[in-house]
$ cat query20.cif   # mmCIF, C-alpha atoms
data_data
#
loop_
_atom_site.group_PDB
_atom_site.id
_atom_site.type_symbol
_atom_site.label_atom_id
_atom_site.label_comp_id
_atom_site.auth_asym_id
_atom_site.auth_seq_id
_atom_site.Cartn_x
_atom_site.Cartn_y
_atom_site.Cartn_z
ATOM 1 C CA MET A 1 -5.062 12.374 -12.665
ATOM 2 C CA ILE A 2 -4.062 12.756 -9.018
ATOM 3 C CA GLU A 3 -1.676 15.565 -8.087
ATOM 4 C CA VAL A 4 1.071 14.684 -5.604
ATOM 5 C CA VAL A 5 2.382 17.703 -3.715
ATOM 6 C CA SER A 6 5.042 18.013 -1.034
ATOM 7 C CA SER A 7 4.703 20.461 1.838
ATOM 8 C CA SER A 8 8.125 21.734 0.789
ATOM 9 C CA SER A 9 6.434 23.272 -2.286
ATOM 10 C CA PRO A 10 5.647 26.780 -0.961
ATOM 11 C CA ALA A 11 3.743 27.909 -4.061
ATOM 12 C CA PHE A 12 0.975 25.319 -3.573
ATOM 13 C CA SER A 13 -2.317 26.383 -2.013
ATOM 14 C CA LEU A 14 -6.029 25.753 -2.470
ATOM 15 C CA ALA A 15 -8.915 28.180 -2.065
ATOM 16 C CA GLY A 16 -11.061 25.373 -0.669
ATOM 17 C CA SER A 17 -10.975 21.596 -0.186
ATOM 18 C CA VAL A 18 -12.284 18.641 1.767
ATOM 19 C CA VAL A 19 -9.437 17.007 3.665
ATOM 20 C CA THR A 20 -8.810 13.655 5.276
ATOM 21 C CA ILE A 21 -5.690 13.222 7.420
ATOM 22 C CA GLY A 22 -3.922 10.176 8.790
ATOM 23 C CA ALA A 23 -0.851 7.952 8.787
ATOM 24 C CA PHE A 24 -2.643 5.766 6.218
ATOM 25 C CA ASP A 25 -0.109 2.929 6.174
ATOM 26 C CA GLY A 26 -1.503 0.552 3.573
ATOM 27 C CA PHE A 27 -4.922 2.237 3.233
ATOM 28 C CA HIS A 28 -7.047 -0.519 4.802
ATOM 29 C CA ARG A 29 -10.856 -0.716 4.854
ATOM 30 C CA GLY A 30 -11.125 1.763 7.718
ATOM 31 C CA HIS A 31 -9.122 4.306 5.738
ATOM 32 C CA LEU A 32 -11.127 3.578 2.593
ATOM 33 C CA ARG A 33 -14.369 4.275 4.461
ATOM 34 C CA LEU A 34 -12.958 7.623 5.605
ATOM 35 C CA ILE A 35 -11.952 8.543 2.052
ATOM 36 C CA GLU A 36 -15.330 7.447 0.678
ATOM 37 C CA GLU A 37 -17.241 9.718 3.064
ATOM 38 C CA ALA A 38 -14.875 12.613 2.436
ATOM 39 C CA ARG A 39 -15.205 12.135 -1.312
ATOM 40 C CA ALA A 40 -19.017 12.279 -1.107
ATOM 41 C CA ASP A 41 -18.754 15.521 0.886
ATOM 42 C CA ALA A 42 -16.248 16.977 -1.599
ATOM 43 C CA MET A 43 -18.547 16.196 -4.510
ATOM 44 C CA GLN A 44 -21.502 17.809 -2.755
ATOM 45 C CA ARG A 45 -19.453 20.942 -2.072
ATOM 46 C CA SER A 46 -17.848 20.905 -5.558
ATOM 47 C CA LEU A 47 -14.416 21.000 -3.912
ATOM 48 C CA PRO A 48 -11.266 18.923 -4.468
ATOM 49 C CA LEU A 49 -10.605 15.979 -2.171
ATOM 50 C CA VAL A 50 -7.190 16.089 -0.478
ATOM 51 C CA VAL A 51 -5.520 13.229 1.397
ATOM 52 C CA VAL A 52 -2.878 14.444 3.857
ATOM 53 C CA THR A 53 -0.217 12.102 5.191
ATOM 54 C CA PHE A 54 3.507 12.052 5.982
ATOM 55 C CA ASP A 55 6.228 11.413 3.444
ATOM 56 C CA LEU A 56 8.041 9.329 6.078
ATOM 57 C CA HIS A 57 6.732 7.275 8.966
ATOM 58 C CA PRO A 58 7.378 9.536 11.994
ATOM 59 C CA LEU A 59 9.194 6.763 13.855
ATOM 60 C CA ARG A 60 11.852 6.688 11.127
ATOM 61 C CA ILE A 61 12.931 10.074 12.463
ATOM 62 C CA LEU A 62 11.963 9.843 16.139
ATOM 63 C CA ALA A 63 12.886 6.216 16.912
ATOM 64 C CA PRO A 64 14.316 4.377 13.863
ATOM 65 C CA GLU A 65 14.804 1.170 15.828
ATOM 66 C CA ARG A 66 11.020 0.964 16.393
ATOM 67 C CA ALA A 67 9.885 2.017 12.931
ATOM 68 C CA PRO A 68 7.573 -0.621 11.389
ATOM 69 C CA ARG A 69 8.006 -2.005 7.908
ATOM 70 C CA LEU A 70 5.715 -0.269 5.464
ATOM 71 C CA LEU A 71 2.645 -1.792 3.816
ATOM 72 C CA MET A 72 2.661 0.304 0.657
ATOM 73 C CA GLY A 73 5.136 2.103 -1.582
ATOM 74 C CA PRO A 74 4.625 5.535 -3.194
ATOM 75 C CA LEU A 75 3.684 4.310 -6.681
ATOM 76 C CA MET A 76 1.141 1.822 -5.321
ATOM 77 C CA ARG A 77 -0.282 4.474 -2.982
ATOM 78 C CA ARG A 78 -0.661 6.935 -5.825
ATOM 79 C CA THR A 79 -2.303 4.308 -8.049
ATOM 80 C CA LEU A 80 -4.822 3.361 -5.358
ATOM 81 C CA LEU A 81 -5.728 6.925 -4.398
ATOM 82 C CA GLU A 82 -6.236 7.877 -8.024
ATOM 83 C CA SER A 83 -8.669 4.961 -8.391
ATOM 84 C CA LEU A 84 -10.582 6.260 -5.345
ATOM 85 C CA GLY A 85 -11.156 9.678 -6.881
ATOM 86 C CA VAL A 86 -8.670 11.608 -4.731
ATOM 87 C CA ASP A 87 -7.633 14.867 -6.384
ATOM 88 C CA THR A 88 -4.511 15.704 -4.368
ATOM 89 C CA LEU A 89 -2.124 13.743 -2.176
ATOM 90 C CA TYR A 90 -0.451 16.277 0.111
ATOM 91 C CA LEU A 91 2.711 14.869 1.673
ATOM 92 C CA LEU A 92 3.855 16.477 4.890
ATOM 93 C CA HIS A 93 7.625 16.355 5.124
ATOM 94 C CA PHE A 94 8.377 14.879 8.542
ATOM 95 C CA ASP A 95 11.486 16.046 10.361
ATOM 96 C CA ARG A 96 12.381 17.336 13.824
ATOM 97 C CA GLU A 97 10.829 20.713 13.040
ATOM 98 C CA ARG A 98 7.536 19.084 12.039
ATOM 99 C CA ALA A 99 7.668 16.919 15.173
ATOM 100 C CA SER A 100 7.818 20.039 17.345
ATOM 101 C CA GLN A 101 4.999 21.895 15.540
ATOM 102 C CA SER A 102 2.132 22.878 17.846
ATOM 103 C CA PRO A 103 -1.422 21.731 17.077
ATOM 104 C CA THR A 104 -2.474 25.336 16.457
ATOM 105 C CA ASP A 105 0.368 25.963 14.008
ATOM 106 C CA PHE A 106 -0.488 22.750 12.162
ATOM 107 C CA VAL A 107 -4.095 23.838 11.739
ATOM 108 C CA GLU A 108 -3.216 27.386 10.707
ATOM 109 C CA GLN A 109 -0.379 26.519 8.324
ATOM 110 C CA VAL A 110 -1.639 23.295 6.746
ATOM 111 C CA LEU A 111 -5.437 23.153 6.992
ATOM 112 C CA VAL A 112 -6.247 26.852 6.755
ATOM 113 C CA ALA A 113 -3.476 28.676 4.873
ATOM 114 C CA THR A 114 -2.460 25.910 2.474
ATOM 115 C CA LEU A 115 -5.535 23.723 1.921
ATOM 116 C CA GLY A 116 -8.399 26.116 2.675
ATOM 117 C CA ALA A 117 -10.194 23.252 4.403
ATOM 118 C CA ALA A 118 -13.987 23.418 4.429
ATOM 119 C CA ALA A 119 -14.285 19.998 6.091
ATOM 120 C CA VAL A 120 -11.791 17.637 7.723
ATOM 121 C CA TYR A 121 -12.322 13.878 8.104
ATOM 122 C CA VAL A 122 -10.300 11.882 10.662
ATOM 123 C CA GLY A 123 -10.450 8.656 12.654
ATOM 124 C CA GLU A 124 -11.545 8.806 16.281
ATOM 125 C CA ASN A 125 -7.962 8.146 17.484
ATOM 126 C CA PHE A 126 -6.473 10.981 15.405
ATOM 127 C CA THR A 127 -3.774 13.101 17.033
ATOM 128 C CA TYR A 128 -1.682 15.946 15.658
ATOM 129 C CA GLY A 129 0.974 18.413 16.686
ATOM 130 C CA ALA A 130 3.989 17.947 18.950
ATOM 131 C CA LYS A 131 3.748 14.754 21.025
ATOM 132 C CA GLY A 132 0.184 14.211 19.787
ATOM 133 C CA ALA A 133 -1.075 17.101 21.905
ATOM 134 C CA GLY A 134 -3.966 17.729 19.529
ATOM 135 C CA ASN A 135 -6.885 15.305 19.231
ATOM 136 C CA VAL A 136 -10.372 15.158 17.777
ATOM 137 C CA ALA A 137 -11.809 17.424 20.478
ATOM 138 C CA THR A 138 -9.214 20.147 19.928
ATOM 139 C CA LEU A 139 -9.613 19.826 16.143
ATOM 140 C CA VAL A 140 -13.354 20.416 16.529
ATOM 141 C CA GLU A 141 -12.624 23.586 18.513
ATOM 142 C CA HIS A 142 -10.146 24.767 15.878
ATOM 143 C CA GLY A 143 -12.795 24.114 13.244
ATOM 144 C CA LYS A 144 -15.378 26.200 15.045
ATOM 145 C CA ARG A 145 -12.958 29.140 15.248
ATOM 146 C CA ARG A 146 -11.612 28.856 11.699
ATOM 147 C CA GLY A 147 -14.756 27.844 9.847
ATOM 148 C CA PHE A 148 -14.239 24.195 8.876
ATOM 149 C CA ALA A 149 -16.377 21.212 9.807
ATOM 150 C CA VAL A 150 -14.855 18.156 11.485
ATOM 151 C CA ARG A 151 -16.151 14.621 11.010
ATOM 152 C CA HIS A 152 -14.575 11.821 13.030
ATOM 153 C CA LEU A 153 -15.349 8.165 12.342
ATOM 154 C CA PRO A 154 -15.040 5.313 14.863
ATOM 155 C CA LEU A 155 -12.440 2.641 14.285
ATOM 156 C CA LEU A 156 -13.628 -0.157 12.024
ATOM 157 C CA THR A 157 -13.769 -3.618 13.610
ATOM 158 C CA VAL A 158 -13.189 -6.918 11.840
ATOM 159 C CA ALA A 159 -16.920 -7.661 12.136
ATOM 160 C CA GLN A 160 -17.846 -4.293 10.621
ATOM 161 C CA ALA A 161 -15.449 -4.876 7.725
ATOM 162 C CA ASN A 162 -17.882 -7.621 6.653
ATOM 163 C CA VAL A 163 -15.187 -10.066 5.537
ATOM 164 C CA THR A 164 -14.596 -13.737 6.279
ATOM 165 C CA THR A 165 -11.638 -14.261 8.619
ATOM 166 C CA SER A 166 -10.681 -16.369 11.628
ATOM 167 C CA LEU A 167 -9.918 -13.243 13.657
ATOM 168 C CA ASP A 168 -11.698 -11.915 16.734
ATOM 169 C CA PRO A 169 -14.598 -9.935 15.241
ATOM 170 C CA GLU A 170 -14.159 -7.168 17.827
ATOM 171 C CA MET A 171 -10.556 -6.461 16.868
ATOM 172 C CA PRO A 172 -10.043 -3.075 15.200
ATOM 173 C CA VAL A 173 -8.768 -3.180 11.641
ATOM 174 C CA SER A 174 -5.276 -1.686 11.773
ATOM 175 C CA ALA A 175 -2.014 -1.529 9.866
ATOM 176 C CA THR A 176 -0.349 -3.395 12.756
ATOM 177 C CA LEU A 177 -2.786 -6.300 12.436
ATOM 178 C CA ILE A 178 -2.490 -6.456 8.646
ATOM 179 C CA ARG A 179 1.299 -6.261 8.792
ATOM 180 C CA ALA A 180 1.372 -9.253 11.133
ATOM 181 C CA LEU A 181 -1.009 -11.244 8.916
ATOM 182 C CA ILE A 182 1.192 -10.702 5.869
ATOM 183 C CA GLN A 183 4.385 -11.622 7.671
ATOM 184 C CA GLU A 184 2.741 -14.779 9.029
ATOM 185 C CA GLY A 185 1.539 -15.790 5.570
ATOM 186 C CA HIS A 186 -2.200 -15.119 6.022
ATOM 187 C CA LEU A 187 -2.394 -13.244 2.743
ATOM 188 C CA GLU A 188 -6.075 -13.786 1.998
ATOM 189 C CA GLU A 189 -7.099 -12.385 5.400
ATOM 190 C CA ALA A 190 -4.754 -9.426 4.987
ATOM 191 C CA ASN A 191 -6.198 -8.652 1.555
ATOM 192 C CA ALA A 192 -9.730 -8.920 2.905
ATOM 193 C CA LEU A 193 -8.992 -6.339 5.617
ATOM 194 C CA LEU A 194 -7.121 -4.076 3.218
ATOM 195 C CA GLY A 195 -10.000 -4.084 0.748
ATOM 196 C CA HIS A 196 -7.481 -4.383 -2.091
ATOM 197 C CA PRO A 197 -4.539 -6.693 -2.799
ATOM 198 C CA PHE A 198 -1.313 -6.239 -0.866
ATOM 199 C CA GLY A 199 1.579 -5.417 -3.133
ATOM 200 C CA LEU A 200 5.259 -4.668 -3.461
ATOM 201 C CA GLU A 201 6.962 -2.340 -5.904
ATOM 202 C CA GLY A 202 10.457 -1.801 -7.194
ATOM 203 C CA GLY A 203 12.655 -1.323 -10.206
ATOM 204 C CA VAL A 204 13.291 -4.180 -12.646
ATOM 205 C CA VAL A 205 16.967 -5.162 -12.559
ATOM 206 C CA PRO A 206 19.054 -7.728 -14.474
ATOM 207 C CA GLY A 207 19.126 -11.271 -13.125
ATOM 208 C CA ASP A 208 20.877 -14.512 -14.024
ATOM 209 C CA ARG A 209 18.446 -15.080 -16.968
ATOM 210 C CA ARG A 210 17.899 -18.695 -15.937
ATOM 211 C CA GLY A 211 14.157 -18.356 -16.449
ATOM 212 C CA ARG A 212 14.698 -17.812 -20.158
ATOM 213 C CA THR A 213 16.328 -21.220 -20.518
ATOM 214 C CA LEU A 214 13.270 -22.772 -18.854
ATOM 215 C CA GLY A 215 10.823 -20.978 -21.129
ATOM 216 C CA PHE A 216 9.626 -18.599 -18.406
ATOM 217 C CA PRO A 217 11.609 -15.350 -18.584
ATOM 218 C CA THR A 218 11.185 -13.564 -15.269
ATOM 219 C CA ALA A 219 11.655 -9.975 -14.179
ATOM 220 C CA ASN A 220 13.693 -9.424 -11.033
ATOM 221 C CA VAL A 221 12.147 -6.684 -8.902
ATOM 222 C CA ALA A 222 14.400 -4.843 -6.453
ATOM 223 C CA VAL A 223 12.306 -4.157 -3.345
ATOM 224 C CA LEU A 224 13.598 -1.980 -0.531
ATOM 225 C CA ASP A 225 14.075 -3.669 2.831
ATOM 226 C CA GLU A 226 11.736 -1.190 4.560
ATOM 227 C CA TYR A 227 8.617 -2.896 3.152
ATOM 228 C CA VAL A 228 6.634 -5.751 4.679
ATOM 229 C CA LYS A 229 7.038 -9.027 2.792
ATOM 230 C CA PRO A 230 5.140 -12.322 2.999
ATOM 231 C CA PRO A 231 7.009 -15.583 3.663
ATOM 232 C CA ASP A 232 8.990 -17.307 0.916
ATOM 233 C CA GLY A 233 6.874 -19.113 -1.634
ATOM 234 C CA VAL A 234 5.266 -19.081 -5.054
ATOM 235 C CA TYR A 235 2.264 -16.786 -5.375
ATOM 236 C CA ALA A 236 -0.430 -15.770 -7.841
ATOM 237 C CA GLY A 237 -0.890 -12.084 -8.516
ATOM 238 C CA PHE A 238 -1.149 -9.419 -11.151
ATOM 239 C CA THR A 239 0.475 -6.216 -12.337
ATOM 240 C CA LEU A 240 -0.638 -3.075 -14.165
ATOM 241 C CA LEU A 241 1.370 -2.228 -17.271
ATOM 242 C CA ASP A 242 0.851 0.122 -20.193
ATOM 243 C CA GLY A 243 -2.850 0.483 -19.463
ATOM 244 C CA GLY A 244 -3.446 -3.263 -19.097
ATOM 245 C CA ARG A 245 -3.643 -5.784 -16.302
ATOM 246 C CA TYR A 246 -1.485 -8.912 -16.530
ATOM 247 C CA PRO A 247 -1.518 -12.061 -14.358
ATOM 248 C CA LEU A 248 1.682 -12.869 -12.495
ATOM 249 C CA ALA A 249 3.360 -16.034 -11.284
ATOM 250 C CA ILE A 250 5.485 -14.735 -8.405
ATOM 251 C CA SER A 251 8.502 -16.313 -6.733
ATOM 252 C CA LEU A 252 9.739 -14.825 -3.475
ATOM 253 C CA GLY A 253 12.683 -16.461 -1.775
ATOM 254 C CA THR A 254 16.198 -17.842 -1.974
ATOM 255 C CA ARG A 255 15.745 -20.180 -5.004
ATOM 256 C CA PRO A 256 16.648 -23.499 -3.292
ATOM 257 C CA MET A 257 16.522 -25.338 -6.626
ATOM 258 C CA TYR A 258 19.776 -23.657 -7.645
ATOM 259 C CA TYR A 259 21.143 -22.434 -4.309
ATOM 260 C CA PRO A 260 20.746 -25.297 -1.791
ATOM 261 C CA GLY A 261 22.609 -23.335 0.852
ATOM 262 C CA GLY A 262 20.369 -20.331 0.337
ATOM 263 C CA GLY A 263 20.923 -17.593 -2.222
ATOM 264 C CA ALA A 264 19.899 -13.961 -2.029
ATOM 265 C CA ARG A 265 16.224 -13.454 -1.279
ATOM 266 C CA LEU A 266 14.693 -12.245 -4.543
ATOM 267 C CA LEU A 267 11.322 -11.236 -5.895
ATOM 268 C CA GLU A 268 10.907 -12.661 -9.402
ATOM 269 C CA VAL A 269 7.787 -12.468 -11.543
ATOM 270 C CA PHE A 270 6.681 -14.096 -14.775
ATOM 271 C CA ILE A 271 4.266 -11.713 -16.481
ATOM 272 C CA ILE A 272 1.693 -13.782 -18.338
ATOM 273 C CA GLY A 273 0.973 -12.396 -21.785
ATOM 274 C CA TYR A 274 3.405 -9.467 -21.707
ATOM 275 C CA THR A 275 6.428 -9.278 -24.025
ATOM 276 C CA GLY A 276 7.710 -5.695 -23.646
ATOM 277 C CA ASP A 277 11.054 -4.577 -22.215
ATOM 278 C CA LEU A 278 10.904 -3.850 -18.501
ATOM 279 C CA TYR A 279 14.502 -3.084 -17.519
ATOM 280 C CA GLY A 280 14.716 0.145 -15.572
ATOM 281 C CA ARG A 281 10.949 0.432 -15.090
ATOM 282 C CA GLU A 282 9.069 0.443 -11.784
ATOM 283 C CA LEU A 283 6.815 -2.586 -11.439
ATOM 284 C CA LEU A 284 3.772 -3.063 -9.210
ATOM 285 C CA VAL A 285 3.449 -6.635 -7.912
ATOM 286 C CA TYR A 286 0.044 -7.405 -6.368
ATOM 287 C CA PHE A 287 -0.237 -10.634 -4.353
ATOM 288 C CA LEU A 288 -3.508 -12.589 -4.456
ATOM 289 C CA ALA A 289 -2.793 -16.028 -2.964
ATOM 290 C CA LYS A 290 0.007 -18.458 -2.183
ATOM 291 C CA LEU A 291 0.276 -21.380 -4.595
ATOM 292 C CA ARG A 292 2.996 -23.466 -2.947
ATOM 293 C CA GLU A 293 6.264 -23.424 -1.055
ATOM 294 C CA GLN A 294 9.561 -22.992 -2.824
ATOM 295 C CA GLN A 295 11.063 -26.440 -3.357
ATOM 296 C CA VAL A 296 13.828 -28.480 -4.963
ATOM 297 C CA PHE A 297 12.969 -30.726 -7.930
ATOM 298 C CA ASP A 298 14.832 -33.795 -9.137
ATOM 299 C CA SER A 299 15.305 -32.317 -12.612
ATOM 300 C CA GLU A 300 14.815 -29.124 -14.569
ATOM 301 C CA GLU A 301 12.172 -30.918 -16.592
ATOM 302 C CA MET A 302 10.133 -31.517 -13.446
ATOM 303 C CA PHE A 303 10.730 -27.906 -12.424
ATOM 304 C CA ARG A 304 9.546 -26.681 -15.844
ATOM 305 C CA HIS A 305 6.398 -28.812 -15.548
ATOM 306 C CA GLN A 306 5.617 -27.340 -12.119
ATOM 307 C CA MET A 307 6.168 -23.833 -13.431
ATOM 308 C CA THR A 308 3.620 -24.529 -16.169
ATOM 309 C CA LEU A 309 1.114 -25.551 -13.489
ATOM 310 C CA ASP A 310 1.967 -22.445 -11.451
ATOM 311 C CA VAL A 311 1.368 -20.180 -14.436
ATOM 312 C CA ASP A 312 -1.980 -21.828 -15.181
ATOM 313 C CA ALA A 313 -3.064 -21.469 -11.558
ATOM 314 C CA ALA A 314 -1.895 -17.841 -11.391
ATOM 315 C CA ARG A 315 -3.775 -16.966 -14.570
ATOM 316 C CA ALA A 316 -6.971 -18.585 -13.284
ATOM 317 C CA LEU A 317 -6.795 -16.823 -9.904
ATOM 318 C CA SER A 318 -6.069 -13.451 -11.460
ATOM 319 C CA GLU A 319 -8.961 -13.778 -13.893
ATOM 320 C CA ARG A 320 -11.360 -14.574 -11.048
ATOM 321 C CA TRP A 321 -10.239 -11.579 -8.971
ATOM 322 C CA PRO A 322 -12.602 -8.592 -9.250
ATOM 323 C CA SER A 323 -11.479 -6.110 -11.871
ATOM 324 C CA GLN A 324 -9.450 -3.238 -10.443
ATOM 325 C CA GLU A 325 -9.756 -0.026 -12.414
ATOM 326 C CA GLN A 326 -6.561 1.579 -11.178
#

$ encode --input "query20.cif" --output "structure tokens"
Amino acid sequence: MIEVVSSSSPAFSLAGSVVTIGAFDGFHRGHLRLIEEARADAMQRSLPLVVVTFDLHPLRILAPERAPRLLMGPLMRRTLLESLGVDTLYLLHFDRERASQSPTDFVEQVLVATLGAAAVYVGENFTYGAKGAGNVATLVEHGKRRGFAVRHLPLLTVAQANVTTSLDPEMPVSATLIRALIQEGHLEEANALLGHPFGLEGGVVPGDRRGRTLGFPTANVAVLDEYVKPPDGVYAGFTLLDGGRYPLAISLGTRPMYYPGGGARLLEVFIIGYTGDLYGRELLVYFLAKLREQQVFDSEEMFRHQMTLDVDAARALSERWPSQEQ
């Protein structure tokens, strides 16, 4: 079980650890490679593996108007990191005081005093401290003085990710690229570069219960506006519930069948094979592929028939997707 710790918890400290640090928005294949190498080192040293990142994207404090939409929520992040064998997720609270912290103070307070770092893994473009004054070279020097090793990995390119896409193979895999792919509807390419399915999360809230009358009771998932979302449409996906994995037929959009002028944009899911009560629970919604556009049908009977086809297609796609032990 992964331990999630905030930097505002003063009692927390480790006698030794292997650490990887980064913004880690979405945890794409480049990040996964970093974690994999750090995990191997941690196992060899018999030390816990710690992932260090911010609790907020720094731009949400420094320049809110430029802050990007996020690729991953806290529950999905925790679920993924636990599946990767991470022992501790250490969340640095980001505020104006953190933004003004010097590189030396960051190393002394976080890496040395709190985490007892024996080794630190970062990407080659890693910066730290006020205005990014610290970089890989300065981190190496800190490590030499304070007794921790530093391993920096080059950025992963599309070609090195070894996935099939239409992208320039020399492009670096980045959260910015993946965010754009999702927003433009290129979900399969985004998932390939992530190395795991993109997903949204939120609490299940009451809806208009229209799905029940059609024979497909759906759960309405309230997703915060700060997260990246794909275009409107009907998607295949899956969720993780009560120790099991369930296929999903997903509807994202304004429900033109019942609101021709455009209703509220909602995320609704039909959970195939699950009958439990979900109200008030947090739900993970993983997107695998787009099935079709949202559309208006001539009758509810035609709509019901299409929903049956959507459910069959979603089940088939989910069953073919590699098993995720999360």

$ resolve_selection --input "query20.cif" --expression "the PyMOL selection byres ((chain A and resi 131-145) around 8)" --output "ChimeraX atom specification"
/A:99-100,102-104,107,122,124-130,146-150,152

$ atom_distance --input "query20.cif" --atom1 "atom CA of A:Glu108" --atom2 "atom CA of A:Glu82"
27.2 Å

$ residues_around --input "query20.cif" --residues "A:Arg96" --least-positions-apart "6" --cutoff "10 Å" --atoms "all atoms listed in the file" --output "PDB file with C-alpha atoms, in the frame of the given file"
ATOM      1  CA  PRO A  58       7.378   9.536  11.994  1.00  0.00           C
ATOM      2  CA  ILE A  61      12.931  10.074  12.463  1.00  0.00           C
ATOM      3  CA  LEU A  62      11.963   9.843  16.139  1.00  0.00           C
ATOM      4  CA  ALA A 130       3.989  17.947  18.950  1.00  0.00           C
TER       5      ALA A 130
END

$ residues_near_point --input "query20.cif" --point "(0.6, -2.3, 1.2)" --cutoff "9 Å" --atoms "all atoms listed in the file" --output "list in words"
Asp25, Gly26, Phe27, His28, Leu70, Leu71, Met72, Gly73, Met76, Arg77, Arg179, Leu194, His196, Pro197, Phe198, Gly199, Leu200, Tyr227 and Val228 of chain A

$ write_last_selection --input "query20.cif" --atoms "C-alpha atoms" --output "short mmCIF file (atom, residue, chain, number, x, y, z; two decimals), in the coordinates of the input"
data_model
loop_
_atom_site.label_atom_id
_atom_site.label_comp_id
_atom_site.auth_asym_id
_atom_site.auth_seq_id
_atom_site.Cartn_x
_atom_site.Cartn_y
_atom_site.Cartn_z
CA ASP A 25 -0.11 2.93 6.17
CA GLY A 26 -1.50 0.55 3.57
CA PHE A 27 -4.92 2.24 3.23
CA HIS A 28 -7.05 -0.52 4.80
CA LEU A 70 5.72 -0.27 5.46
CA LEU A 71 2.64 -1.79 3.82
CA MET A 72 2.66 0.30 0.66
CA GLY A 73 5.14 2.10 -1.58
CA MET A 76 1.14 1.82 -5.32
CA ARG A 77 -0.28 4.47 -2.98
CA ARG A 179 1.30 -6.26 8.79
CA LEU A 194 -7.12 -4.08 3.22
CA HIS A 196 -7.48 -4.38 -2.09
CA PRO A 197 -4.54 -6.69 -2.80
CA PHE A 198 -1.31 -6.24 -0.87
CA GLY A 199 1.58 -5.42 -3.13
CA LEU A 200 5.26 -4.67 -3.46
CA TYR A 227 8.62 -2.90 3.15
CA VAL A 228 6.63 -5.75 4.68
#

$ residues_around --input "query20.cif" --residues "stretch 299-302 of chain A" --least-positions-apart "5" --cutoff "9 Å" --atoms "all atoms listed in the file" --output "number ranges by chain"
A: 214, 257, 307

$ write_last_selection --input "query20.cif" --atoms "C-alpha atoms" --output "short mmCIF file (atom, residue, chain, number, x, y, z; two decimals), keeping the file's coordinate frame"
data_model
loop_
_atom_site.label_atom_id
_atom_site.label_comp_id
_atom_site.auth_asym_id
_atom_site.auth_seq_id
_atom_site.Cartn_x
_atom_site.Cartn_y
_atom_site.Cartn_z
CA LEU A 214 13.27 -22.77 -18.85
CA MET A 257 16.52 -25.34 -6.63
CA MET A 307 6.17 -23.83 -13.43
#

$ resolve_selection --input "query20.cif" --expression "the PyMOL selection byres ((chain A and resi 265-279) around 7)" --output "PyMOL selection string"
chain A and resi 204-205+216-221+246-254+263-264+280-281

$ write_last_selection --input "query20.cif" --atoms "C-alpha atoms" --output "PDB file, in the coordinates of the input"
ATOM      1  CA  VAL A 204      13.291  -4.180 -12.646  1.00  0.00           C
ATOM      2  CA  VAL A 205      16.967  -5.162 -12.559  1.00  0.00           C
ATOM      3  CA  PHE A 216       9.626 -18.599 -18.406  1.00  0.00           C
ATOM      4  CA  PRO A 217      11.609 -15.350 -18.584  1.00  0.00           C
ATOM      5  CA  THR A 218      11.185 -13.564 -15.269  1.00  0.00           C
ATOM      6  CA  ALA A 219      11.655  -9.975 -14.179  1.00  0.00           C
ATOM      7  CA  ASN A 220      13.693  -9.424 -11.033  1.00  0.00           C
ATOM      8  CA  VAL A 221      12.147  -6.684  -8.902  1.00  0.00           C
ATOM      9  CA  TYR A 246      -1.485  -8.912 -16.530  1.00  0.00           C
ATOM     10  CA  PRO A 247      -1.518 -12.061 -14.358  1.00  0.00           C
ATOM     11  CA  LEU A 248       1.682 -12.869 -12.495  1.00  0.00           C
ATOM     12  CA  ALA A 249       3.360 -16.034 -11.284  1.00  0.00           C
ATOM     13  CA  ILE A 250       5.485 -14.735  -8.405  1.00  0.00           C
ATOM     14  CA  SER A 251       8.502 -16.313  -6.733  1.00  0.00           C
ATOM     15  CA  LEU A 252       9.739 -14.825  -3.475  1.00  0.00           C
ATOM     16  CA  GLY A 253      12.683 -16.461  -1.775  1.00  0.00           C
ATOM     17  CA  THR A 254      16.198 -17.842  -1.974  1.00  0.00           C
ATOM     18  CA  GLY A 263      20.923 -17.593  -2.222  1.00  0.00           C
ATOM     19  CA  ALA A 264      19.899 -13.961  -2.029  1.00  0.00           C
ATOM     20  CA  GLY A 280      14.716   0.145 -15.572  1.00  0.00           C
ATOM     21  CA  ARG A 281      10.949   0.432 -15.090  1.00  0.00           C
TER      22      ARG A 281
END

$ resolve_selection --input "query20.cif" --expression "the PyMOL selection byres ((chain A and resi 16) around 8)" --output "mmCIF file with C-alpha atoms, in the coordinates of the input"
data_model
loop_
_atom_site.group_PDB
_atom_site.id
_atom_site.type_symbol
_atom_site.label_atom_id
_atom_site.label_comp_id
_atom_site.auth_asym_id
_atom_site.auth_seq_id
_atom_site.Cartn_x
_atom_site.Cartn_y
_atom_site.Cartn_z
ATOM 1 C CA LEU A 14 -6.029 25.753 -2.470
ATOM 2 C CA ALA A 15 -8.915 28.180 -2.065
ATOM 3 C CA SER A 17 -10.975 21.596 -0.186
ATOM 4 C CA VAL A 18 -12.284 18.641 1.767
ATOM 5 C CA LEU A 47 -14.416 21.000 -3.912
ATOM 6 C CA PRO A 48 -11.266 18.923 -4.468
ATOM 7 C CA LEU A 115 -5.535 23.723 1.921
ATOM 8 C CA GLY A 116 -8.399 26.116 2.675
ATOM 9 C CA ALA A 117 -10.194 23.252 4.403
ATOM 10 C CA ALA A 118 -13.987 23.418 4.429
#

$ residues_around --input "query20.cif" --residues "stretch 182-185 of chain A" --least-positions-apart "5" --cutoff "8 Å" --atoms "all atoms listed in the file" --output "PDB file with C-alpha atoms, in the coordinates of the input"
ATOM      1  CA  ALA A 190      -4.754  -9.426   4.987  1.00  0.00           C
ATOM      2  CA  VAL A 228       6.634  -5.751   4.679  1.00  0.00           C
ATOM      3  CA  LYS A 229       7.038  -9.027   2.792  1.00  0.00           C
ATOM      4  CA  PRO A 230       5.140 -12.322   2.999  1.00  0.00           C
ATOM      5  CA  PRO A 231       7.009 -15.583   3.663  1.00  0.00           C
TER       6      PRO A 231
END
